>>> print(open('run.cif').read())   # mmCIF, C-alpha atoms and all ligand atoms
data_run
loop_
_atom_site.label_atom_id
_atom_site.label_comp_id
_atom_site.auth_asym_id
_atom_site.auth_seq_id
_atom_site.Cartn_x
_atom_site.Cartn_y
_atom_site.Cartn_z
CA MET D 1 30.22 24.03 4.41
CA THR D 2 28.28 21.07 5.69
CA THR D 3 25.40 19.46 3.85
CA GLU D 4 22.39 21.44 4.99
CA ALA D 5 19.64 18.87 5.03
CA LEU D 6 19.25 15.16 5.19
CA SER D 7 16.43 12.73 5.69
CA TYR D 8 15.77 9.09 6.32
CA ALA D 9 12.74 6.93 6.93
CA ILE D 10 12.02 3.78 8.90
CA ASP D 11 9.33 1.16 8.39
CA GLU D 12 7.13 -0.39 11.07
CA HIS D 13 10.05 -2.57 12.24
CA ASP D 14 12.31 0.46 12.65
CA HIS D 15 14.42 -0.59 9.67
CA LEU D 16 15.89 2.12 7.48
CA VAL D 17 13.98 1.96 4.23
CA LYS D 18 14.85 5.25 2.63
CA VAL D 19 17.78 7.61 2.92
CA ASP D 20 18.38 10.64 0.73
CA ARG D 21 21.52 12.04 -0.91
CA GLY D 22 22.00 14.48 1.97
CA TYR D 23 22.28 11.49 4.31
CA TYR D 24 25.11 9.98 2.28
CA ARG D 25 26.83 13.32 1.83
CA PHE D 26 26.61 14.18 5.50
CA ALA D 27 27.97 10.74 6.41
CA GLU D 28 30.86 11.17 4.02
CA GLU D 29 31.72 14.60 5.38
CA ASN D 30 31.82 13.12 8.87
CA GLY D 31 33.91 10.08 8.00
CA TRP D 32 31.10 7.64 8.63
CA ALA D 33 31.93 4.74 6.32
CA GLU D 34 29.11 2.47 7.51
CA ALA D 35 26.47 4.73 5.98
CA THR D 36 26.69 3.03 2.59
CA THR D 37 25.19 -0.14 4.08
CA SER D 38 22.44 1.55 6.12
CA LEU D 39 19.45 0.49 4.06
CA GLY D 40 17.57 -2.41 5.59
CA ARG D 41 19.35 -2.12 8.92
CA SER D 42 17.79 -1.21 12.22
CA LEU D 43 17.84 2.46 13.09
CA TRP D 44 18.91 1.44 16.58
CA ASP D 45 22.21 0.04 15.30
CA TYR D 46 23.15 3.65 14.69
CA VAL D 47 22.18 5.14 18.03
CA ALA D 48 25.03 4.87 20.53
CA GLY D 49 24.31 4.27 24.20
CA GLU D 50 21.60 2.21 25.83
CA GLU D 51 19.91 5.10 27.63
CA MET D 52 19.79 7.16 24.43
CA ARG D 53 18.31 4.23 22.50
CA LYS D 54 15.67 3.77 25.16
CA LEU D 55 14.62 7.42 25.09
CA GLN D 56 14.58 7.66 21.32
CA ARG D 57 12.54 4.47 21.05
CA MET D 58 10.00 5.97 23.44
CA LEU D 59 9.93 9.14 21.39
CA VAL D 60 9.37 7.26 18.13
CA ARG D 61 6.62 5.24 19.78
CA ARG D 62 4.91 8.42 20.99
CA VAL D 63 5.22 10.05 17.57
CA ARG D 64 3.56 7.00 16.01
CA ASP D 65 0.86 6.54 18.60
CA GLU D 66 -0.09 10.00 19.76
CA VAL D 67 1.90 12.98 18.71
CA GLY D 68 2.31 12.63 14.94
CA ASP D 69 5.02 15.25 14.58
CA VAL D 70 7.81 16.73 16.71
CA GLU D 71 10.68 19.08 16.02
CA LEU D 72 13.70 19.25 18.30
CA PRO D 73 17.08 20.98 18.32
CA PHE D 74 20.22 18.87 18.58
CA ARG D 75 23.95 19.22 18.06
CA CYS D 76 26.11 17.41 15.59
CA ASP D 77 29.57 18.79 16.26
CA GLY D 78 32.84 17.93 14.60
CA PRO D 79 36.38 18.57 15.84
CA GLU D 80 36.47 21.84 13.90
CA VAL D 81 32.84 22.96 13.94
CA ARG D 82 29.84 23.48 16.14
CA ARG D 83 26.66 22.52 14.38
CA ARG D 84 23.22 23.41 15.63
CA MET D 85 20.62 21.34 13.88
CA ASP D 86 16.90 20.65 14.08
CA ILE D 87 15.27 17.33 13.54
CA ARG D 88 11.65 16.83 12.57
CA ILE D 89 10.13 13.42 13.22
CA VAL D 90 6.86 12.73 11.46
CA ALA D 91 4.47 9.80 11.36
CA ARG D 92 1.44 9.73 9.12
CA PRO D 93 -1.84 9.01 10.86
CA GLY D 94 -2.51 5.30 10.84
CA GLY D 95 0.86 4.53 9.28
CA ARG D 96 3.82 2.97 11.04
CA ALA D 97 6.53 4.48 8.86
CA VAL D 98 8.36 7.44 10.36
CA LEU D 99 10.27 10.13 8.51
CA PHE D 100 13.22 11.98 10.06
CA SER D 101 14.37 15.23 8.46
CA ALA D 102 17.33 17.07 9.88
CA ARG D 103 18.53 20.48 8.81
CA LEU D 104 21.47 22.64 9.70
CA ARG D 105 20.48 25.81 11.53
CA ALA D 106 23.94 27.22 12.20
CA GLU D 107 27.54 26.20 11.82
CA GLU D 108 30.45 27.95 13.52
CA GLU D 109 34.10 27.21 13.19
CA ARG D 110 35.95 26.58 16.44
CA GLU D 111 38.97 28.64 17.45
CA GLU D 112 40.87 25.43 18.11
CA PRO D 113 40.11 21.96 16.75
CA GLN D 114 38.85 19.62 19.49
CA PRO D 115 40.37 16.14 19.21
CA LEU D 116 37.85 14.82 21.78
CA LEU D 117 35.28 14.98 18.99
CA ASP D 118 37.47 13.19 16.48
CA PRO D 119 36.19 9.62 16.04
CA GLU D 120 39.58 8.57 14.65
CA ALA D 121 41.71 9.88 17.52
CA PRO D 122 43.49 7.20 19.55
CA ARG D 123 42.05 6.74 23.03
CA GLY D 124 43.23 5.53 26.40
CA GLU D 125 41.54 3.61 29.20
CA GLU D 126 39.89 6.42 31.10
CA ILE D 127 36.23 6.93 30.20
CA LEU D 128 34.47 10.18 29.55
CA THR D 129 30.70 10.35 29.00
CA MET D 130 29.31 12.38 26.14
CA CYS D 131 25.67 13.29 25.63
CA GLY D 132 24.68 11.92 22.24
CA TRP D 133 22.05 14.64 21.79
CA CYS D 134 23.78 17.92 22.73
CA ASP D 135 27.42 16.77 22.38
CA ARG D 136 28.35 18.00 25.86
CA PHE D 137 30.62 16.06 28.21
CA GLU D 138 30.23 15.12 31.84
CA VAL D 139 33.14 16.31 33.93
CA GLY D 140 32.94 16.14 37.71
CA GLY D 141 29.15 15.80 37.66
CA GLU D 142 28.60 18.78 35.33
CA TRP D 143 27.73 18.76 31.62
CA VAL D 144 29.98 21.14 29.71
CA GLU D 145 30.91 22.06 26.15
CA VAL D 146 33.90 20.29 24.63
CA GLU D 147 36.26 23.27 25.05
CA GLU D 148 35.47 23.41 28.76
CA ALA D 149 35.81 19.64 29.12
CA ALA D 150 39.24 19.75 27.45
CA ARG D 151 40.29 22.59 29.74
CA ARG D 152 39.07 20.93 32.94
CA LEU D 153 40.62 17.61 32.02
CA GLU D 154 43.86 19.32 30.96
CA LEU D 155 43.79 17.26 27.80
CA PHE D 156 46.54 19.19 26.11
CA ASP D 157 49.03 17.98 28.69
CA ARG D 158 48.14 14.32 28.32
CA PRO D 159 49.63 11.64 26.14
CA GLU D 160 46.22 10.18 25.24
CA LEU D 161 42.57 11.10 25.08
CA PRO D 162 39.95 9.42 27.27
CA ALA D 163 37.68 6.88 25.62
CA LEU D 164 34.10 8.00 25.05
CA SER D 165 31.01 6.44 26.46
CA HIS D 166 27.71 7.63 24.97
CA GLY D 167 25.00 8.71 27.32
CA ILE D 168 22.42 11.43 27.61
CA CYS D 169 22.45 14.46 29.89
CA PRO D 170 19.54 15.41 32.19
CA ASP D 171 18.55 18.43 30.04
CA CYS D 172 18.25 16.32 26.90
CA THR D 173 16.47 13.55 28.79
CA GLU D 174 13.90 16.07 29.93
CA MET D 175 13.51 17.51 26.45
CA LEU D 176 13.03 14.12 24.82
CA LEU D 177 10.52 13.07 27.47
CA ALA D 178 8.56 16.28 27.05
CA ALA D 179 8.50 16.19 23.23
ZN ZN D 201 22.50 16.64 26.27
#
>>> encode(input="run.cif", output="structure tokens")
Amino acid sequence: MTTEALSYAIDEHDHLVKVDRGYYRFAEENGWAEATTSLGRSLWDYVAGEEMRKLQRMLVRRVRDEVGDVELPFRCDGPEVRRRMDIRIVARPGGRAVLFSARLRAEEEREEPQPLLDPEAPRGEEILTMCGWCDRFEVGGEWVEVEEAARRLELFDRPELPALSHGICPDCTEMLLAA
């Protein structure tokens, strides 16, 4: 079972100033070695993909300046599990610090492990785009779940996996803009 909750906070310069035990545990469970040196670093070092960084920066700015508090669903899948999570982003009135709290809503085991979602798997030259918010993949202009992407790309018949590029799908773009 995955760690069920984690939180982290940034200061006015978007540097990580506080992370809780859940953060470290979650990072460890997901093979994310860099997490131990997170404190003091920019949050944006940890957000993959330029478009995603741009949208999340806008969201954080809106939370600070106008909204105060948003809660959004997101996915944080692993090769063997689907994870539906929620993230709450909160700024105190007048303050520039922002707190992020994520919690696990549901976790389901997959019928088959999906190597596309394995950060350690060796990759080839071909590039596949993944949405960093909902963990879907763009195949032939459509955004589909990993199982469907693997099927359409006939990954099981190939000697190597495509490399991943991190982007954001139109549905998630719309959701982040509307938050
Ligand atoms: Zn998406």
>>> residues_near_ligand(input="run.cif", ligand="ligand ZN 201 (chain D)", cutoff="9 Å", atoms="all atoms listed in the file", output="MDAnalysis selection string")
chainID D and resid 74:75 130:137 143 167:173
>>> atom_distance(input="run.cif", atom1="CA of Ser42 (chain D)", atom2="CA of Arg96 (chain D)")
14.6 Å
>>> closest_residue(input="run.cif", among="D:Ile127, D:Met85, D:Leu164, D:Ala178", to="Arg105 (chain D)", atoms="only C-alpha atoms")
D:Met85
>>> closest_residue(input="run.cif", among="D:Leu59, D:Ala106, D:Gly95, D:Glu126", to="Pro73 (chain D)", atoms="only C-alpha atoms")
D:Ala106
>>> residues_around(input="run.cif", residues="Pro159 (chain D)", least_positions_apart="5", cutoff="12 Å", atoms="only C-alpha atoms", output="list of chain:residue names")
D:Ala121, D:Pro122, D:Arg123, D:Gly124, D:Glu125, D:Glu154
>>> residues_around(input="run.cif", residues="Val81 (chain D)", least_positions_apart="4", cutoff="9 Å", atoms="all atoms listed in the file", output="number ranges by chain")
D: 76-77, 107-110, 113-114
>>> residues_near_point(input="run.cif", point="(22.4, 9.3, 19.3)", cutoff="8 Å", atoms="only C-alpha atoms", output="number ranges by chain")
D: 46-49, 52-53, 132-133, 166
>>> write_last_selection(input="run.cif", atoms="C-alpha atoms", output="JSON list (two decimals), in the frame of the given file")
[["chain", "number", "residue", "atom", "x", "y", "z"],
["D", 46, "TYR", "CA", 23.15, 3.65, 14.69],
["D", 47, "VAL", "CA", 22.18, 5.14, 18.03],
["D", 48, "ALA", "CA", 25.03, 4.87, 20.53],
["D", 49, "GLY", "CA", 24.31, 4.27, 24.20],
["D", 52, "MET", "CA", 19.79, 7.16, 24.43],
["D", 53, "ARG", "CA", 18.31, 4.23, 22.50],
["D", 132, "GLY", "CA", 24.68, 11.92, 22.24],
["D", 133, "TRP", "CA", 22.05, 14.64, 21.79],
["D", 166, "HIS", "CA", 27.71, 7.63, 24.97]]
>>> residues_around(input="run.cif", residues="Leu16 (chain D)", least_positions_apart="2", cutoff="7 Å", atoms="only C-alpha atoms", output="VMD selection string")
chain D and resid 9 to 11 14 18 38 to 43
